[in-house]
$ cat model-v3.cif   # mmCIF, C-alpha atoms
data_work
loop_
_atom_site.label_atom_id
_atom_site.label_comp_id
_atom_site.auth_asym_id
_atom_site.auth_seq_id
_atom_site.Cartn_x
_atom_site.Cartn_y
_atom_site.Cartn_z
CA MET U 1 58.99 60.56 -6.61
CA ARG U 2 56.49 61.16 -3.79
CA ILE U 3 56.81 64.91 -4.24
CA ALA U 4 56.08 64.61 -7.96
CA LEU U 5 52.95 62.55 -7.23
CA LEU U 6 51.84 65.03 -4.58
CA VAL U 7 52.34 67.96 -6.96
CA ALA U 8 50.42 66.14 -9.72
CA ALA U 9 47.57 65.38 -7.30
CA LEU U 10 47.43 69.01 -6.16
CA VAL U 11 47.36 70.26 -9.76
CA LEU U 12 44.48 67.91 -10.62
CA LEU U 13 42.59 68.91 -7.46
CA THR U 14 43.08 72.60 -8.25
CA ILE U 15 41.79 72.14 -11.80
CA ALA U 16 38.75 70.22 -10.50
CA LEU U 17 37.98 72.91 -7.94
CA LEU U 18 38.31 75.70 -10.50
CA ASN U 19 35.76 73.95 -12.70
CA ALA U 20 33.40 73.00 -9.88
CA ALA U 21 29.86 74.26 -9.55
CA ILE U 22 29.48 77.74 -8.12
CA PRO U 23 27.87 77.73 -4.67
CA PRO U 24 24.83 79.98 -4.21
CA LEU U 25 25.80 83.58 -3.56
CA PRO U 26 24.78 85.07 -0.20
CA GLU U 27 22.07 87.73 -0.46
CA LYS U 28 24.58 90.45 0.43
CA ALA U 29 26.79 89.45 -2.53
CA LEU U 30 23.77 89.34 -4.85
CA ARG U 31 22.64 92.81 -3.76
CA GLU U 32 26.13 94.28 -4.07
CA GLY U 33 26.90 92.62 -7.41
CA ALA U 34 23.62 93.43 -9.14
CA ASP U 35 23.25 96.54 -11.30
CA VAL U 36 19.47 96.17 -11.08
CA ILE U 37 17.18 94.27 -8.71
CA VAL U 38 13.48 93.93 -9.59
CA THR U 39 10.50 91.95 -8.44
CA GLY U 40 7.83 91.05 -10.93
CA VAL U 41 6.05 88.36 -12.90
CA ILE U 42 7.64 86.33 -15.69
CA THR U 43 5.40 86.86 -18.73
CA THR U 44 7.36 84.90 -21.35
CA VAL U 45 10.09 82.30 -21.36
CA GLU U 46 11.88 81.43 -24.58
CA HIS U 47 14.76 79.02 -24.87
CA GLN U 48 17.19 77.71 -27.42
CA ASP U 49 19.48 74.70 -27.06
CA LYS U 50 23.03 75.45 -28.16
CA ALA U 51 25.84 72.94 -28.56
CA ASN U 52 29.43 73.99 -28.13
CA ALA U 53 32.18 72.69 -30.42
CA ASP U 54 31.93 69.39 -28.53
CA PRO U 55 28.37 67.99 -28.93
CA GLU U 56 28.52 66.55 -25.40
CA TYR U 57 28.25 70.12 -24.07
CA VAL U 58 24.79 71.54 -24.73
CA ASN U 59 23.34 74.54 -22.90
CA ARG U 60 19.73 75.65 -22.75
CA GLU U 61 19.83 79.43 -23.12
CA TYR U 62 16.83 81.32 -21.77
CA SER U 63 15.42 84.71 -22.64
CA ILE U 64 12.79 85.75 -20.11
CA THR U 65 10.55 88.79 -19.99
CA ILE U 66 9.68 90.13 -16.55
CA ARG U 67 6.78 92.53 -15.97
CA ILE U 68 8.24 94.82 -13.31
CA GLU U 69 6.22 95.35 -10.14
CA LYS U 70 8.98 96.93 -8.05
CA THR U 71 12.53 98.15 -8.66
CA GLU U 72 14.70 97.64 -5.59
CA LYS U 73 18.00 98.82 -7.09
CA GLY U 74 19.09 100.61 -10.24
CA ALA U 75 17.07 102.14 -13.04
CA VAL U 76 15.02 100.39 -15.70
CA THR U 77 13.32 101.88 -18.75
CA GLY U 78 9.76 100.67 -19.32
CA GLU U 79 7.37 98.29 -17.60
CA THR U 80 9.17 95.10 -18.67
CA LEU U 81 12.73 93.91 -19.08
CA VAL U 82 14.42 91.02 -20.86
CA ALA U 83 16.90 88.87 -18.94
CA HIS U 84 19.16 86.08 -20.17
CA THR U 85 20.43 83.01 -18.36
CA TRP U 86 21.34 79.39 -19.05
CA LYS U 87 21.41 75.88 -17.66
CA PRO U 88 23.44 72.89 -18.84
CA LEU U 89 21.29 70.46 -20.81
CA LYS U 90 23.89 67.83 -21.65
CA ARG U 91 27.32 67.09 -20.19
CA PRO U 92 29.67 64.09 -20.39
CA ALA U 93 29.59 61.57 -17.54
CA GLY U 94 31.63 62.69 -14.54
CA TRP U 95 31.62 66.33 -15.61
CA ALA U 96 31.95 69.01 -12.93
CA GLY U 97 31.73 72.70 -13.68
CA PRO U 98 29.49 75.76 -13.80
CA GLN U 99 25.83 74.81 -13.65
CA GLY U 100 24.16 78.01 -14.84
CA GLN U 101 21.00 79.22 -13.12
CA ASN U 102 19.71 77.18 -10.19
CA VAL U 103 16.04 78.05 -10.80
CA THR U 104 14.42 77.22 -14.13
CA PRO U 105 12.35 80.25 -15.18
CA THR U 106 8.62 79.56 -15.57
CA GLU U 107 5.88 81.77 -16.94
CA THR U 108 3.54 83.40 -14.39
CA ALA U 109 6.01 82.93 -11.51
CA THR U 110 6.55 85.95 -9.27
CA VAL U 111 10.29 86.46 -8.89
CA ARG U 112 13.04 88.67 -7.56
CA ALA U 113 15.76 89.04 -10.19
CA PHE U 114 19.34 90.08 -9.46
CA LEU U 115 20.59 91.42 -12.78
CA GLN U 116 23.73 92.69 -14.43
CA ARG U 117 23.26 95.06 -17.34
CA GLU U 118 24.59 93.83 -20.69
CA ALA U 119 27.00 96.30 -22.27
CA GLY U 120 25.34 98.92 -24.45
CA ALA U 121 21.86 97.39 -24.22
CA GLU U 122 18.67 97.53 -22.22
CA THR U 123 18.89 93.78 -21.66
CA PHE U 124 20.24 91.98 -18.63
CA THR U 125 21.91 88.78 -17.48
CA LEU U 126 20.79 87.03 -14.31
CA MET U 127 23.59 86.62 -11.77
CA LEU U 128 24.79 83.04 -11.45
CA PRO U 129 23.97 80.68 -9.97
CA ASN U 130 21.07 82.04 -7.91
CA GLY U 131 20.11 85.38 -9.44
CA LEU U 132 16.48 84.32 -9.88
CA GLU U 133 14.52 83.88 -6.67
CA GLU U 134 10.97 82.55 -6.84
CA ILE U 135 8.70 84.51 -4.52
CA GLU U 136 5.57 82.73 -5.66
CA ALA U 137 5.83 79.59 -7.73
CA THR U 138 3.70 78.71 -10.71
CA THR U 139 2.17 75.41 -11.63
CA LYS U 140 2.94 75.86 -15.32
CA PRO U 141 5.82 73.55 -16.38
CA ALA U 142 8.95 74.98 -17.97
CA ARG U 143 9.55 74.43 -21.66
#
$ encode --input "model-v3.cif" --output "structure tokens"
Amino acid sequence: MRIALLVAALVLLTIALLNAAIPPLPEKALREGADVIVTGVITTVEHQDKANADPEYVNREYSITIRIEKTEKGAVTGETLVAHTWKPLKRPAGWAGPQGQNVTPTETATVRAFLQREAGAETFTLMLPNGLEEIEATTKPAR
């Protein structure tokens, strides 16, 4: 009986840990995992709130445009790029799991972006959870 309870507790703990928030990646992991690293200024931030099948799970999905000042890794076409990321907007009480991007993108902020190229497109996804690093903050509130 004790073994069965111990096994059940370990299974529940494992499930909880697998769904836990992702700790920030060390800079070395960000640099190695990124296809492209740029510094620049966020010129536009658009977002859309999307509910999953369960209305208690709502994400805010962001599309941000970055005016590139410097490319530190990889190749980018043009003077700007579009990057996508997300943050949870609504979760049920007691929920633990991926938290999306740590930094909320804001227009006019100077940032370093650690990006992974989206398949077959010239758009990118910010690495999670800390693929957007504010170099110089802005006073403009996020939408």
$ residues_near_point --input "model-v3.cif" --point "(19.8, 84.1, -13.3)" --cutoff "12 Å" --atoms "only C-alpha atoms" --output "mmCIF file with C-alpha atoms, keeping the file's coordinate frame"
data_model
loop_
_atom_site.group_PDB
_atom_site.id
_atom_site.type_symbol
_atom_site.label_atom_id
_atom_site.label_comp_id
_atom_site.auth_asym_id
_atom_site.auth_seq_id
_atom_site.Cartn_x
_atom_site.Cartn_y
_atom_site.Cartn_z
ATOM 1 C CA PRO U 24 24.830 79.980 -4.210
ATOM 2 C CA LEU U 25 25.800 83.580 -3.560
ATOM 3 C CA LEU U 30 23.770 89.340 -4.850
ATOM 4 C CA ALA U 34 23.620 93.430 -9.140
ATOM 5 C CA ILE U 37 17.180 94.270 -8.710
ATOM 6 C CA GLU U 61 19.830 79.430 -23.120
ATOM 7 C CA TYR U 62 16.830 81.320 -21.770
ATOM 8 C CA SER U 63 15.420 84.710 -22.640
ATOM 9 C CA ILE U 64 12.790 85.750 -20.110
ATOM 10 C CA VAL U 82 14.420 91.020 -20.860
ATOM 11 C CA ALA U 83 16.900 88.870 -18.940
ATOM 12 C CA HIS U 84 19.160 86.080 -20.170
ATOM 13 C CA THR U 85 20.430 83.010 -18.360
ATOM 14 C CA TRP U 86 21.340 79.390 -19.050
ATOM 15 C CA LYS U 87 21.410 75.880 -17.660
ATOM 16 C CA GLN U 99 25.830 74.810 -13.650
ATOM 17 C CA GLY U 100 24.160 78.010 -14.840
ATOM 18 C CA GLN U 101 21.000 79.220 -13.120
ATOM 19 C CA ASN U 102 19.710 77.180 -10.190
ATOM 20 C CA VAL U 103 16.040 78.050 -10.800
ATOM 21 C CA THR U 104 14.420 77.220 -14.130
ATOM 22 C CA PRO U 105 12.350 80.250 -15.180
ATOM 23 C CA VAL U 111 10.290 86.460 -8.890
ATOM 24 C CA ARG U 112 13.040 88.670 -7.560
ATOM 25 C CA ALA U 113 15.760 89.040 -10.190
ATOM 26 C CA PHE U 114 19.340 90.080 -9.460
ATOM 27 C CA LEU U 115 20.590 91.420 -12.780
ATOM 28 C CA GLN U 116 23.730 92.690 -14.430
ATOM 29 C CA PHE U 124 20.240 91.980 -18.630
ATOM 30 C CA THR U 125 21.910 88.780 -17.480
ATOM 31 C CA LEU U 126 20.790 87.030 -14.310
ATOM 32 C CA MET U 127 23.590 86.620 -11.770
ATOM 33 C CA LEU U 128 24.790 83.040 -11.450
ATOM 34 C CA PRO U 129 23.970 80.680 -9.970
ATOM 35 C CA ASN U 130 21.070 82.040 -7.910
ATOM 36 C CA GLY U 131 20.110 85.380 -9.440
ATOM 37 C CA LEU U 132 16.480 84.320 -9.880
ATOM 38 C CA GLU U 133 14.520 83.880 -6.670
ATOM 39 C CA GLU U 134 10.970 82.550 -6.840
#
$ resolve_selection --input "model-v3.cif" --expression "the PyMOL selection byres ((chain U and resi 52-60) around 6)" --output "VMD selection string"
chain U and resid 48 to 51 61 86 to 92
$ closest_residue --input "model-v3.cif" --among "U:Glu136, U:Thr77, U:Arg117, U:Ala109" --to "Gly33 in chain U" --atoms "all atoms listed in the file"
U:Arg117
$ residues_around --input "model-v3.cif" --residues "Glu69 in chain U" --least-positions-apart "6" --cutoff "10 Å" --atoms "all atoms listed in the file" --output "PyMOL selection string"
chain U and resi 38-41+79-80+110-112
$ resolve_selection --input "model-v3.cif" --expression "the PyMOL selection byres ((chain U and resi 42) around 6)" --output "list of chain:residue names"
U:Val41, U:Thr43, U:Thr44, U:Thr65, U:Ile66, U:Glu107, U:Thr108, U:Ala109
$ closest_residue --input "model-v3.cif" --among "U:Thr106, U:Asp35, U:Ile22, U:Ala137" --to "Ala75 in chain U" --atoms "only C-alpha atoms"
U:Asp35
$ atom_distance --input "model-v3.cif" --atom1 "CA of Val36 in chain U" --atom2 "CA of Lys70 in chain U"
10.9 Å
$ axis_aligned_box --input "model-v3.cif" --around "range 34-45 of chain U" --padding-each-side "4 Å" --output "JSON"
{"center_x": 14.5, "center_y": 89.4, "center_z": -14.9, "size_x": 26.2, "size_y": 22.2, "size_z": 20.9}
$ atom_distance --input "model-v3.cif" --atom1 "CA of Ala121 in chain U" --atom2 "CA of Val76 in chain U"
11.3 Å
$ atom_distance --input "model-v3.cif" --atom1 "CA of Gly97 in chain U" --atom2 "CA of Pro23 in chain U"
11.0 Å
